[in-house]
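Asker: My questions will all concern the structure given below.
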Amino acid sequence: MTMRSIRQLIVLLGMMCLLVLPAAAQWDRGELRIEVHDPQGAALAAAGELVSEGNQFRLNFEVGDDGRYIAQGLAFGVYRVSLTHAGFVRSTQLVEIRSLLPQQLFVTLGLTPVETQVEVSEAGTLFDPSSTGTVYTVGSQSISEQLSPQPGRGVLNVVDAQPGWLYEANGVLHPRGSEYAVQFVVDGLPLTENRSPAFAPPFESGDVESMRVMTAGFPAEYGRKLGGVIEVASPKNNPAGLHGEFDAEGGSFSTGSGHAALFYASGGNRFSVSGDGFHTDRYLDPPVLGNYTNLGNAGGFSASYERDLSNSNRLFLTVSQHAVRYIVPNELIQQEAGQRQDAAQKETSGQVHYTHAFSTDILLSVAASVRDTSALLSSNPQSTPVIVSQDRGYREGYVRTDLAGHHGRHEWKIGVDGIFSPVHEALQYQITDPTQFDPGTRLQFQFSDRRWDMEPSAYVQDQIRLGHWNLSAGLRFDHYGFAVNESAWSPRIGVSRYIPSLHLLVHASYDRVFQTPAMENLLLASSPQLDSLSSLVLRLPVQPGRANYYELGFKKSFAGKLRIDGNVFRRNFHNFSDDDTLLDTGVSFPIAFSSAEIYGEEAQIAVPRWGRFSGFVSYSNQKGVGQGPITGGLFLGAQASDVSDTSKFPISQDQRNTVRARVRFQPLEKLWFATTAEYGSGFPVNLNGPIDYNAALAQYGAAILNRVNFAAGRVRPNFSFDAAAGATLFHKEGKEMLLQLEANNLTNRVNVLNFASLFSGTAVSIPRSVSARLKVGF
């Protein structure tokens with residue numbers, strides 16, 4: 001660490017000590033506090049509705065006899081509030097939520113109609129006129145209606161449907177071409193490691209109420225992984241009393257799953273507890289059509305308690321534990337040999353979050369969490385070409401403090417946070433088929449290491465409204481101390497102009513990004529213990545990536561029913577991250593190339609609701625070009641001699657054209673139908689030299705090879721057409737029963753996601769399949 005980095009770190013730690021308390025959560029959501037009175041000023045009970053079409057949010061609620069109601073976890077944007085009471089005139093108005101600070105809304109319901117009354121419709125909520133970047137908000141309906149034929153991917157599938165996002169093998173999300181740079185923020189807790197099914201226990205859709213998906217215009221409070229940010233909110237606005245829900249799913253591949261949740265609210269106390277589990281015969285994306293040894297099982301629970309200590313103080317506690325166990329799918333040769341590889345991931349976490357409002361204009365938020373994760377891999381003696389076992393994990397401590405305020409035109413926020421994690425990794429292998437490796441490769445090896453990861457940071461940001469102009473600006477400092485020690489300052493700026501007469505918002509943003517390497521197996525790839533693996537070994541320290549993101553876009557509404565979003569973007573990377581695997585073990589680790597450029601266009605036409613119809617159609621065009629030399633990673637044998645190559649190449653997520661569409665039709669209040677279609681032009685096929693067709697045929701089969709255009713160097717285009725239907729079987733006095741059916745890939749097309757690509761291997765998407773869900777609520 002340089003003296004300059006040490007000084008910066010001392011200053012940062014000093015700032016953290018000044019704030020004394022541990023940290024607050026990343027949470028770009030607000031709160032609306034409603035008070036209802038009659039003309040004499042007495043408290044009045046009322047029925048209410050809160051709607052934001054742009055945020056896919058619709059909440060029906062009851063204001064109690066005290067005339068008060070609090071709506072929490074509201075994504076920033078414009079909402080329509082409607083309040084009614086028998087014998088009084090309905091009140092309808094628009095409110096804007098754009099700060100962590102609770103917003104007060106005082107409503108007086110009159111006895112007689114106002115002579116001149118302005119009609120307030122939902123059209124004004126189609127998009128946020130103060131936004132300066134690209135944000136797609138996904139509501140509870142879109143999430144709950146997503147039935148995935150592969151358990152644990154419901155949330156990931158919803159994200160993948162947004163413009164600019166792509167699926168690679170085994171549910172790995174890639175935002176605008178970035179590799180392993182996705183950050184989930186779950187109720188304010190940032191998760192920066194790989195959350196794909198092969199690396200972590202899955203998210204349960206039943207525990208998610210809404211999501212905000214960002215790919216540009218990041219506030220300065222977000223850091224470390226910024227290919228894309230997915231902000232996940234759990235249910236926040238359950239009615240008073242005891243309520244619950246239970247759903248059971250089943251379908252193709254012997255899939256069965258269940259989820260149950262209980263909610264209780266009384267006064268200032270709110271409790272929730274949920275549990276879930278599943279079994280399936282198709283957990284990962286297999287490398288062949290046979291879908292061999294692809295079993296998966298998972299289970300977990302979560303519980304939370306929230307208490308309003310006073311009007312100014314709130315405490316929030318959560319605990320959760322989730323685990324998944326699965327068998328790694330075989331190729332044809334491995335299946336014939338009798339290979340079996342078992343993997344398991346487990347995650348246990350706890351979080352405490354406290355907020356204190358000093359006044360209506362200043363809010364302090366402090367939080368801390370501990371998260372323990374582990375990953376295991378084992379192989380039987382018949383495994384080929386290598387027997388491998390692994391035990392890795394870490395215990396992450398996270399702390400954060402934020403202070404948010406409102407002053408005139410300004411919505412400002414400052415904060416510090418830090419990740420402090422002891423990491424351990426252990427691995428051993430035994431090669432069973434030496435002909436598959438370079439001469440001189442060590443036949444047996446054992447590795448073990450431990451190290452602390454320390455990543456403190458600080459930020460300041462402000463959003464300024466100047467009439468119809470909006471300006472967001474921020475500055476972030478990060479220090480990374482794990483495999484290497486580096487620090488960086490990252491400025492962020494965004495600007496937008498809303499033109500009311502055209503219902504048009506034009507926005508532009510610039511993000512400077514400091515992106516930390518993936519943690520998975522980084523100790524392994526960095527250790528001098530691996531210098532004896534081969535006659536030629538090259539280890540290069542994997543440094544954090546640095547990038548400049550540029551975006552120009554617009555949002556426009558038509559007829560109060562339809563919204564068009566369009567963006568052009570460019571990303572320039574230094575130390576562009578990717579991944580490689582160790583000796584066909586399936587154990588992946590991060591590497592880095594000298595640079596990369598990714599640019600493209602995105603467009604979406606969305607109809608939140610137009611009569612009985614809703615839906616969207618989106619198109620993304622993207623090109624990504626990486627360039628050597630390789631600047632970080634572990635390379636053995638012949639690989640080590642190629643790292644100095646400075647040639648350009650298409651990045652592994654370089655799918656040029658992607659089209660998605662969904663149409664939903666609701667002929668009756670209790671019945672709906674939907675169809676979804678998706679087309680992708682195909683990922684690159686990066687092979688090291690000419691392909692041995694006969695060897696590939698024995699390994700993958702003819703059906704897979706037929707889906708690869710070797711002359712063009714790309715997987716052939718993929719296409720999927722799905723259909724779904726849902727019905728409310730019973731609904732009365734807060735009790736309901738829902739049935740949903742879905743069929744995926746109706747044409748039964750063989751869709752190859754990746755083929756023997758340089759680092760991602762081969763993977764096949766699902767064939768024709770069906771799923772069904774029965775949900776009961778009370």
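Letters A, B, ... go to the chains of the structure tokens in the order shown; residues in each chain start at 1; ligands are counted from 1 in the same order.
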Do you know which residues are at most 9 Å from Thr432 in chain A counting only C-alpha atoms, after dropping those on the same chain fewer than 3 positions away, and could you put them as a list in words?

Answerer: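 Counting only C-alpha atoms, the residues come to Pro381, Gln382, Ser383, Thr384, Pro385, Val386, Ile387 and Leu443 of chain A.
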
Asker: Could you write those residues out with C-alpha atoms, as a compact mmCIF listing (two decimals), in the first residue's frame?

Answerer:
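Generated file (part.txt):
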# COMPACT_ATOMS: atom_id res chain seq x y z
CA PRO A 381 -13.57 -41.62 -8.05
CA GLN A 382 -15.09 -42.07 -11.55
CA SER A 383 -14.85 -38.36 -12.34
CA THR A 384 -12.99 -37.44 -15.52
CA PRO A 385 -10.66 -35.89 -16.50
CA VAL A 386 -10.08 -34.73 -12.91
CA ILE A 387 -11.33 -35.45 -9.38
CA LEU A 443 -1.23 -34.85 -11.38

Asker: What does the distance from CA of Ala220 in chain A to CA of Val625 in chain A come to in Å, to one decimal?

Answerer: 27.4 Å

Asker: List the neighbours of Thr132 in chain A out to 8 Å using only C-alpha atoms; skip same-chain residues closer than 6 positions along the sequence, and give me the result as JSON, numbers by chain.

Answerer: {"A": [217, 470, 471, 472, 494, 495, 496, 507, 508, 509]}

Asker: What does the file look like for those residues with N, CA, C and O atoms, as a JSON list (two decimals), in the first residue's frame?

Answerer:
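Resulting contents of out_29.json:
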[["chain", "number", "residue", "atom", "x", "y", "z"],
["A", 217, "GLY", "N", -26.41, 6.24, -14.53],
["A", 217, "GLY", "CA", -26.82, 7.28, -13.62],
["A", 217, "GLY", "C", -26.82, 6.82, -12.18],
["A", 217, "GLY", "O", -27.72, 7.16, -11.41],
["A", 470, "ASN", "N", -33.07, 19.08, -13.90],
["A", 470, "ASN", "CA", -32.65, 18.27, -12.76],
["A", 470, "ASN", "C", -31.16, 17.96, -12.90],
["A", 470, "ASN", "O", -30.68, 17.60, -13.98],
["A", 471, "LEU", "N", -30.46, 18.11, -11.80],
["A", 471, "LEU", "CA", -29.02, 17.83, -11.79],
["A", 471, "LEU", "C", -28.71, 16.91, -10.62],
["A", 471, "LEU", "O", -29.09, 17.19, -9.48],
["A", 472, "SER", "N", -28.03, 15.80, -10.90],
["A", 472, "SER", "CA", -27.53, 14.92, -9.84],
["A", 472, "SER", "C", -26.03, 14.88, -9.92],
["A", 472, "SER", "O", -25.46, 14.75, -11.02],
["A", 494, "GLY", "N", -25.30, 13.60, -13.52],
["A", 494, "GLY", "CA", -26.41, 13.37, -14.43],
["A", 494, "GLY", "C", -27.24, 14.63, -14.56],
["A", 494, "GLY", "O", -27.33, 15.43, -13.62],
["A", 495, "VAL", "N", -27.85, 14.82, -15.71],
["A", 495, "VAL", "CA", -28.68, 15.99, -15.95],
["A", 495, "VAL", "C", -29.88, 15.59, -16.80],
["A", 495, "VAL", "O", -29.79, 14.68, -17.64],
["A", 496, "SER", "N", -31.02, 16.23, -16.54],
["A", 496, "SER", "CA", -32.20, 15.94, -17.34],
["A", 496, "SER", "C", -33.05, 17.20, -17.47],
["A", 496, "SER", "O", -32.95, 18.13, -16.66],
["A", 507, "HIS", "N", -32.43, 12.90, -20.84],
["A", 507, "HIS", "CA", -31.46, 12.78, -19.74],
["A", 507, "HIS", "C", -30.10, 12.33, -20.28],
["A", 507, "HIS", "O", -30.01, 11.67, -21.32],
["A", 508, "ALA", "N", -29.05, 12.68, -19.55],
["A", 508, "ALA", "CA", -27.68, 12.26, -19.87],
["A", 508, "ALA", "C", -26.94, 12.04, -18.56],
["A", 508, "ALA", "O", -27.21, 12.72, -17.56],
["A", 509, "SER", "N", -25.99, 11.11, -18.57],
["A", 509, "SER", "CA", -25.25, 10.83, -17.34],
["A", 509, "SER", "C", -23.83, 10.36, -17.66],
["A", 509, "SER", "O", -23.55, 9.83, -18.73]]

Asker: Would you list the contacts of Asn706 in chain A as a list in words, taking every protein, DNA or RNA residue within 10 Å and counting only C-alpha atoms, but skipping same-chain residues closer than 2 positions in sequence?

Answerer: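 After dropping sequence-adjacent residues, the list is Gly701, Ala702, Ala703, Ile704, Val708, Asn709, Phe710, Val715, Arg716, Val750 and Val752 of chain A.
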
Asker: Just to be explicit: take each residue in the selection above, keep N, CA and C atoms, and write the result as an mmCIF file, in the first residue's frame.

Answerer:
data_model
loop_
_atom_site.group_PDB
_atom_site.id
_atom_site.type_symbol
_atom_site.label_atom_id
_atom_site.label_comp_id
_atom_site.auth_asym_id
_atom_site.auth_seq_id
_atom_site.Cartn_x
_atom_site.Cartn_y
_atom_site.Cartn_z
ATOM 1 N N GLY A 701 -22.640 -34.198 -28.733
ATOM 2 C CA GLY A 701 -23.702 -34.740 -29.559
ATOM 3 C C GLY A 701 -24.031 -33.850 -30.749
ATOM 4 N N ALA A 702 -24.642 -34.438 -31.778
ATOM 5 C CA ALA A 702 -24.915 -33.727 -33.023
ATOM 6 C C ALA A 702 -25.916 -32.595 -32.839
ATOM 7 N N ALA A 703 -26.922 -32.781 -31.971
ATOM 8 C CA ALA A 703 -27.952 -31.759 -31.796
ATOM 9 C C ALA A 703 -27.356 -30.439 -31.312
ATOM 10 N N ILE A 704 -26.319 -30.516 -30.492
ATOM 11 C CA ILE A 704 -25.670 -29.300 -29.996
ATOM 12 C C ILE A 704 -24.815 -28.671 -31.090
ATOM 13 N N VAL A 708 -24.522 -24.469 -33.789
ATOM 14 C CA VAL A 708 -23.354 -23.594 -33.782
ATOM 15 C C VAL A 708 -22.934 -23.309 -35.214
ATOM 16 N N ASN A 709 -22.758 -22.041 -35.532
ATOM 17 C CA ASN A 709 -22.258 -21.620 -36.840
ATOM 18 C C ASN A 709 -20.751 -21.411 -36.706
ATOM 19 N N PHE A 710 -19.980 -22.467 -37.000
ATOM 20 C CA PHE A 710 -18.536 -22.394 -36.809
ATOM 21 C C PHE A 710 -17.884 -21.415 -37.777
ATOM 22 N N VAL A 715 -22.854 -18.857 -31.850
ATOM 23 C CA VAL A 715 -23.990 -19.733 -31.645
ATOM 24 C C VAL A 715 -25.135 -19.238 -32.523
ATOM 25 N N ARG A 716 -25.902 -20.148 -33.100
ATOM 26 C CA ARG A 716 -27.024 -19.740 -33.949
ATOM 27 C C ARG A 716 -28.101 -19.052 -33.107
ATOM 28 N N VAL A 750 -34.203 -26.131 -29.770
ATOM 29 C CA VAL A 750 -32.941 -26.329 -29.053
ATOM 30 C C VAL A 750 -32.191 -24.997 -29.051
ATOM 31 N N VAL A 752 -29.014 -23.159 -27.670
ATOM 32 C CA VAL A 752 -27.698 -23.263 -27.041
ATOM 33 C C VAL A 752 -27.290 -21.878 -26.556
#

Asker: Mind pulling up the distance from CA of Gln463 in chain A to CA of Gly54 in chain A?

Answerer: 20.1 Å

Asker: Quick one: DSSP alpha helix (DSSP H) residues in range 108-211 of chain A, as a ChimeraX atom specification?

Answerer: /A:140-144,154-160

Asker: Those residues with all heavy atoms, as an mmCIF file, in the first residue's frame please?

Answerer:
data_model
loop_
_atom_site.group_PDB
_atom_site.id
_atom_site.type_symbol
_atom_site.label_atom_id
_atom_site.label_comp_id
_atom_site.auth_asym_id
_atom_site.auth_seq_id
_atom_site.Cartn_x
_atom_site.Cartn_y
_atom_site.Cartn_z
ATOM 1 N N SER A 140 -45.064 -5.859 -8.065
ATOM 2 C CA SER A 140 -45.405 -7.170 -7.518
ATOM 3 C C SER A 140 -46.150 -8.046 -8.522
ATOM 4 O O SER A 140 -45.980 -9.265 -8.522
ATOM 5 C CB SER A 140 -46.246 -6.996 -6.254
ATOM 6 O OG SER A 140 -47.433 -6.270 -6.531
ATOM 7 N N GLN A 141 -46.971 -7.449 -9.393
ATOM 8 C CA GLN A 141 -47.704 -8.268 -10.357
ATOM 9 C C GLN A 141 -46.761 -8.963 -11.321
ATOM 10 O O GLN A 141 -46.876 -10.165 -11.573
ATOM 11 C CB GLN A 141 -48.700 -7.415 -11.134
ATOM 12 C CG GLN A 141 -49.471 -8.206 -12.197
ATOM 13 C CD GLN A 141 -50.475 -7.350 -12.940
ATOM 14 O OE1 GLN A 141 -51.499 -6.969 -12.389
ATOM 15 N NE2 GLN A 141 -50.175 -7.042 -14.201
ATOM 16 N N SER A 142 -45.791 -8.215 -11.866
ATOM 17 C CA SER A 142 -44.838 -8.812 -12.809
ATOM 18 C C SER A 142 -44.003 -9.892 -12.145
ATOM 19 O O SER A 142 -43.680 -10.912 -12.761
ATOM 20 C CB SER A 142 -43.919 -7.730 -13.389
ATOM 21 O OG SER A 142 -44.649 -6.787 -14.146
ATOM 22 N N ILE A 143 -43.646 -9.686 -10.878
ATOM 23 C CA ILE A 143 -42.836 -10.668 -10.169
ATOM 24 C C ILE A 143 -43.647 -11.919 -9.848
ATOM 25 O O ILE A 143 -43.201 -13.053 -10.059
ATOM 26 C CB ILE A 143 -42.251 -10.052 -8.889
ATOM 27 C CG1 ILE A 143 -41.308 -8.895 -9.252
ATOM 28 C CG2 ILE A 143 -41.519 -11.096 -8.061
ATOM 29 C CD1 ILE A 143 -40.867 -8.071 -8.061
ATOM 30 N N SER A 144 -44.872 -11.730 -9.340
ATOM 31 C CA SER A 144 -45.675 -12.878 -8.927
ATOM 32 C C SER A 144 -46.154 -13.706 -10.112
ATOM 33 O O SER A 144 -46.396 -14.908 -9.980
ATOM 34 C CB SER A 144 -46.870 -12.411 -8.100
ATOM 35 O OG SER A 144 -47.739 -11.600 -8.886
ATOM 36 N N GLY A 154 -36.878 -17.158 -10.683
ATOM 37 C CA GLY A 154 -37.967 -16.227 -10.942
ATOM 38 C C GLY A 154 -37.520 -14.780 -10.927
ATOM 39 O O GLY A 154 -37.807 -14.011 -11.852
ATOM 40 N N VAL A 155 -36.788 -14.375 -9.885
ATOM 41 C CA VAL A 155 -36.300 -13.002 -9.785
ATOM 42 C C VAL A 155 -35.304 -12.701 -10.904
ATOM 43 O O VAL A 155 -35.340 -11.641 -11.534
ATOM 44 C CB VAL A 155 -35.658 -12.764 -8.405
ATOM 45 C CG1 VAL A 155 -34.930 -11.424 -8.367
ATOM 46 C CG2 VAL A 155 -36.726 -12.821 -7.314
ATOM 47 N N LEU A 156 -34.404 -13.653 -11.182
ATOM 48 C CA LEU A 156 -33.413 -13.446 -12.244
ATOM 49 C C LEU A 156 -34.082 -13.309 -13.601
ATOM 50 O O LEU A 156 -33.649 -12.502 -14.440
ATOM 51 C CB LEU A 156 -32.417 -14.604 -12.251
ATOM 52 C CG LEU A 156 -31.643 -14.861 -10.955
ATOM 53 C CD1 LEU A 156 -30.708 -16.050 -11.124
ATOM 54 C CD2 LEU A 156 -30.858 -13.631 -10.536
ATOM 55 N N ASN A 157 -35.135 -14.082 -13.851
ATOM 56 C CA ASN A 157 -35.840 -13.989 -15.134
ATOM 57 C C ASN A 157 -36.484 -12.627 -15.322
ATOM 58 O O ASN A 157 -36.515 -12.087 -16.439
ATOM 59 C CB ASN A 157 -36.914 -15.083 -15.224
ATOM 60 C CG ASN A 157 -36.327 -16.466 -15.414
ATOM 61 O OD1 ASN A 157 -35.143 -16.623 -15.708
ATOM 62 N ND2 ASN A 157 -37.140 -17.481 -15.226
ATOM 63 N N VAL A 158 -37.020 -12.058 -14.254
ATOM 64 C CA VAL A 158 -37.622 -10.727 -14.343
ATOM 65 C C VAL A 158 -36.564 -9.693 -14.700
ATOM 66 O O VAL A 158 -36.792 -8.802 -15.533
ATOM 67 C CB VAL A 158 -38.320 -10.368 -13.020
ATOM 68 C CG1 VAL A 158 -38.764 -8.910 -13.032
ATOM 69 C CG2 VAL A 158 -39.519 -11.274 -12.788
ATOM 70 N N VAL A 159 -35.384 -9.790 -14.104
ATOM 71 C CA VAL A 159 -34.303 -8.854 -14.422
ATOM 72 C C VAL A 159 -33.836 -9.040 -15.861
ATOM 73 O O VAL A 159 -33.612 -8.069 -16.592
ATOM 74 C CB VAL A 159 -33.125 -9.036 -13.448
ATOM 75 C CG1 VAL A 159 -31.963 -8.130 -13.835
ATOM 76 C CG2 VAL A 159 -33.568 -8.756 -12.018
ATOM 77 N N ASP A 160 -33.708 -10.291 -16.286
ATOM 78 C CA ASP A 160 -33.252 -10.583 -17.642
ATOM 79 C C ASP A 160 -34.188 -10.000 -18.703
ATOM 80 O O ASP A 160 -33.761 -9.735 -19.830
ATOM 81 C CB ASP A 160 -33.142 -12.098 -17.826
ATOM 82 C CG ASP A 160 -32.707 -12.496 -19.223
ATOM 83 O OD1 ASP A 160 -31.650 -12.027 -19.671
ATOM 84 O OD2 ASP A 160 -33.453 -13.253 -19.874
#

Asker: Which one of A:Trp672, A:Phe482, A:Phe358, A:Phe420 sits closest to Gln543 in chain A if you count only C-alpha atoms?

Answerer: A:Phe482

Asker: Show which residues sit within 8 Å of Asp453 in chain A, as number ranges by chain. Count only C-alpha atoms, and ignore same-chain residues fewer than 5 positions away.

Answerer: A: 419-423, 480-482

Asker: Store the residues picked out above, limited to all heavy atoms, as a JSON list (two decimals), in the first residue's frame.

Answerer:
[["chain", "number", "residue", "atom", "x", "y", "z"],
["A", 419, "ILE", "N", -16.76, -3.02, 4.17],
["A", 419, "ILE", "CA", -16.85, -4.47, 4.19],
["A", 419, "ILE", "C", -15.57, -5.01, 4.82],
["A", 419, "ILE", "O", -14.47, -4.63, 4.41],
["A", 419, "ILE", "CB", -17.04, -5.05, 2.78],
["A", 419, "ILE", "CG1", -18.42, -4.68, 2.22],
["A", 419, "ILE", "CG2", -16.88, -6.57, 2.78],
["A", 419, "ILE", "CD1", -18.64, -5.13, 0.79],
["A", 420, "PHE", "N", -15.72, -5.90, 5.81],
["A", 420, "PHE", "CA", -14.58, -6.47, 6.50],
["A", 420, "PHE", "C", -14.83, -7.97, 6.64],
["A", 420, "PHE", "O", -15.69, -8.38, 7.42],
["A", 420, "PHE", "CB", -14.39, -5.81, 7.87],
["A", 420, "PHE", "CG", -14.35, -4.30, 7.80],
["A", 420, "PHE", "CD1", -15.50, -3.56, 8.02],
["A", 420, "PHE", "CD2", -13.18, -3.64, 7.49],
["A", 420, "PHE", "CE1", -15.48, -2.18, 7.96],
["A", 420, "PHE", "CE2", -13.15, -2.26, 7.41],
["A", 420, "PHE", "CZ", -14.30, -1.51, 7.64],
["A", 421, "SER", "N", -14.10, -8.77, 5.85],
["A", 421, "SER", "CA", -14.43, -10.19, 5.74],
["A", 421, "SER", "C", -13.20, -11.07, 5.81],
["A", 421, "SER", "O", -12.28, -10.91, 5.00],
["A", 421, "SER", "CB", -15.14, -10.47, 4.40],
["A", 421, "SER", "OG", -16.25, -9.63, 4.23],
["A", 422, "PRO", "N", -13.15, -12.04, 6.73],
["A", 422, "PRO", "CA", -12.13, -13.09, 6.65],
["A", 422, "PRO", "C", -12.56, -14.14, 5.62],
["A", 422, "PRO", "O", -13.68, -14.66, 5.67],
["A", 422, "PRO", "CB", -12.12, -13.68, 8.07],
["A", 422, "PRO", "CG", -13.49, -13.40, 8.59],
["A", 422, "PRO", "CD", -13.97, -12.14, 7.95],
["A", 423, "VAL", "N", -11.68, -14.42, 4.66],
["A", 423, "VAL", "CA", -11.98, -15.33, 3.55],
["A", 423, "VAL", "C", -11.10, -16.56, 3.67],
["A", 423, "VAL", "O", -9.91, -16.47, 3.98],
["A", 423, "VAL", "CB", -11.71, -14.63, 2.19],
["A", 423, "VAL", "CG1", -12.07, -15.55, 1.03],
["A", 423, "VAL", "CG2", -12.50, -13.32, 2.11],
["A", 480, "TYR", "N", -9.71, -0.71, -1.85],
["A", 480, "TYR", "CA", -9.82, -2.16, -1.99],
["A", 480, "TYR", "C", -8.55, -2.79, -1.44],
["A", 480, "TYR", "O", -7.44, -2.47, -1.87],
["A", 480, "TYR", "CB", -10.00, -2.54, -3.46],
["A", 480, "TYR", "CG", -9.93, -4.02, -3.75],
["A", 480, "TYR", "CD1", -10.96, -4.87, -3.35],
["A", 480, "TYR", "CD2", -8.84, -4.57, -4.43],
["A", 480, "TYR", "CE1", -10.90, -6.23, -3.62],
["A", 480, "TYR", "CE2", -8.78, -5.93, -4.70],
["A", 480, "TYR", "CZ", -9.81, -6.76, -4.30],
["A", 480, "TYR", "OH", -9.75, -8.10, -4.57],
["A", 481, "GLY", "N", -8.73, -3.69, -0.47],
["A", 481, "GLY", "CA", -7.57, -4.34, 0.12],
["A", 481, "GLY", "C", -7.81, -5.83, 0.30],
["A", 481, "GLY", "O", -8.28, -6.27, 1.35],
["A", 482, "PHE", "N", -7.51, -6.60, -0.76],
["A", 482, "PHE", "CA", -7.62, -8.06, -0.67],
["A", 482, "PHE", "C", -6.45, -8.68, -1.41],
["A", 482, "PHE", "O", -5.39, -8.88, -0.84],
["A", 482, "PHE", "CB", -8.97, -8.52, -1.23],
["A", 482, "PHE", "CG", -9.22, -10.00, -1.05],
["A", 482, "PHE", "CD1", -8.98, -10.60, 0.18],
["A", 482, "PHE", "CD2", -9.72, -10.77, -2.07],
["A", 482, "PHE", "CE1", -9.20, -11.97, 0.37],
["A", 482, "PHE", "CE2", -9.96, -12.13, -1.90],
["A", 482, "PHE", "CZ", -9.71, -12.72, -0.68]]

Asker: As a VMD selection string, please: the residues near Glu331 in chain A (cut-off 9 Å, only C-alpha atoms, same-chain neighbours under 3 positions excluded).

Answerer: chain A and resid 286 to 288 290 to 292 334 to 336 699 to 700

Asker: Using Å and a single decimal, report how far CA of Ala240 in chain A sits from CA of Gly267 in chain A.

Answerer: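 Between CA of Gly267 in chain A and CA of Ala240 in chain A the gap works out to 7.9 Å.
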
Asker: Can you pull out the residues contacting Gly560 in chain A? Cut-off 10 Å, using only C-alpha atoms, and skip same-chain residues under 5 positions away; I want them as a list in words.

Answerer: Ser121, Glu122, Ala123, Gly124, Thr125, Leu126, His503, Val607, Arg609 and Trp610 of chain A

Asker: Which of these, A:Val78, A:Ala303, A:Ala696, A:Val229, has the shortest distance to Ala756 in chain A once you count only C-alpha atoms?

Answerer: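 Among A:Val78, A:Ala303, A:Ala696, A:Val229, it is A:Ala696 that comes nearest to Ala756 in chain A.
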